[in-house]
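Down below is the structure, laid out as structure tokens.
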Amino acid sequence: MYRPRWMNEELGILSDHVARFYAAEMVPNEERWREQGHVDREFWRKAGEAGILCASIPEEYGGAGGNFYHEAVLLTEQYRATGVSGFSNSIHSQIVAHYILNYGTEDQKRRWLPKMATGELVTAIAMTEPGAGSDLQSIRTNARMDGNSYVLNGSKMFITNGQLADLIVVVCKTDTEARARGISLLLLETEGAEGFRRGRNLEKIGQHGSDTSELFFDDVRVSPDNLLGGVEGQGFYQLMQQLPQERLVIGIRAAAVMERAVEDTIAYTSQREAFGKTLFDLQNTRFKLAEAKTTAHIARVFIDDCIERLVAGELDVATAAMLKWWSTQMQCDVVDECLQLHGGYGYMKEFGIAQMYADARVQKIYGGANEIMKELIARSLTE
């Protein structure tokens, strides 16, 4: 069995611990969470008690003091557990927490990170707008100083954790005349925030257990103390610096889902009979699964190499883009092949492979559409 070079005894113990936690606390609730459109708020607190939140945040800020190897284990076991999951810890712990850790003032780190680690605060990051997706420089949400506070106006779309979030990193323009240099990150504490509204929980074709929302800001007053890092115009730089890690997170999910899809399909075809034998006895089935297993293995090796590079501070934009577009495309291809081997049952919602199929499609869109990833790679070819 393949084992990453970076996996050690401590990480192996962590893997076993979180696998048991997900089996006991997450797997039995997944169907109910999909029906209600979000994970239970109490589950976030349980995850905090289990040490699953903010695993790579230093202990002095309430985290577990690990690194991205620990986060990779948590992500992998989460998606191996069912192949689907509405628990968006990747946004909370691997993205928002690291914006605060890497760019926040000392006061901001101590105000928010400990509560994020316990699950007391659930977080989101609001980038996309109705008219601006991959082109972040075209955002219209803005914050202007008025007296002793910012006044925030605009709207955001497709925001993961939007229904539950207590703290939202809002990508906005503090200088509407500038493009990249006019962008700042403003952290909105949602409790009691006048003028802040959550729209409906958006109905998606997949990832039903993950709440995804429209957000509206109408003259919302935000303290200057909530400007990430305390300096205007740094937001675009902050976003670009963190995107390789975000894209690696997406790749880890893709690999884990592929592995789960192959395992489930081997089990299904080994017991399903057709023409007097099991489906697995048919050469076409074995060949298709051999191809899918090979693709999943290649993805895992590529991802593990990128994890090592990230921990060493060497994961570049182009390599992260390669990983993101290729792994998510392969996820969609592998899950599609596995669904085909389930026949009509694969199209039934009660089968996990059907949910994996529906959930996979958006992986090629968020975190930067795959077409953008190819453009980033192409730009690097002549450097």
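Letters A, B, ... mark the chains of the structure tokens in the order given; residue numbers begin at 1 per chain; ligand numbers begin at 1, in order shown.
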Worksheet entry | Spatial neighbours of A:Met322, max dist 8 Å, only C-alpha atoms, sep filter under 6 positions, as a PyMOL selection string | chain A and resi 373-374+377
Fill in: Close residues, A:Glu371 itself excluded, 12 Å, only C-alpha atoms, min 4 positions apart in chain, as a ChimeraX atom specification
/A:134,321-322,324-326,329,364-367,375-378
Practice prompt. Would you mind writing down, as a PyMOL selection string, each residue of stretch 130-270 of chain A that DSSP on the backbone assigns to strand (DSSP E)?
Written response: chain A and resi 142-146+149-160+167-173+183-189+196-201+212-222
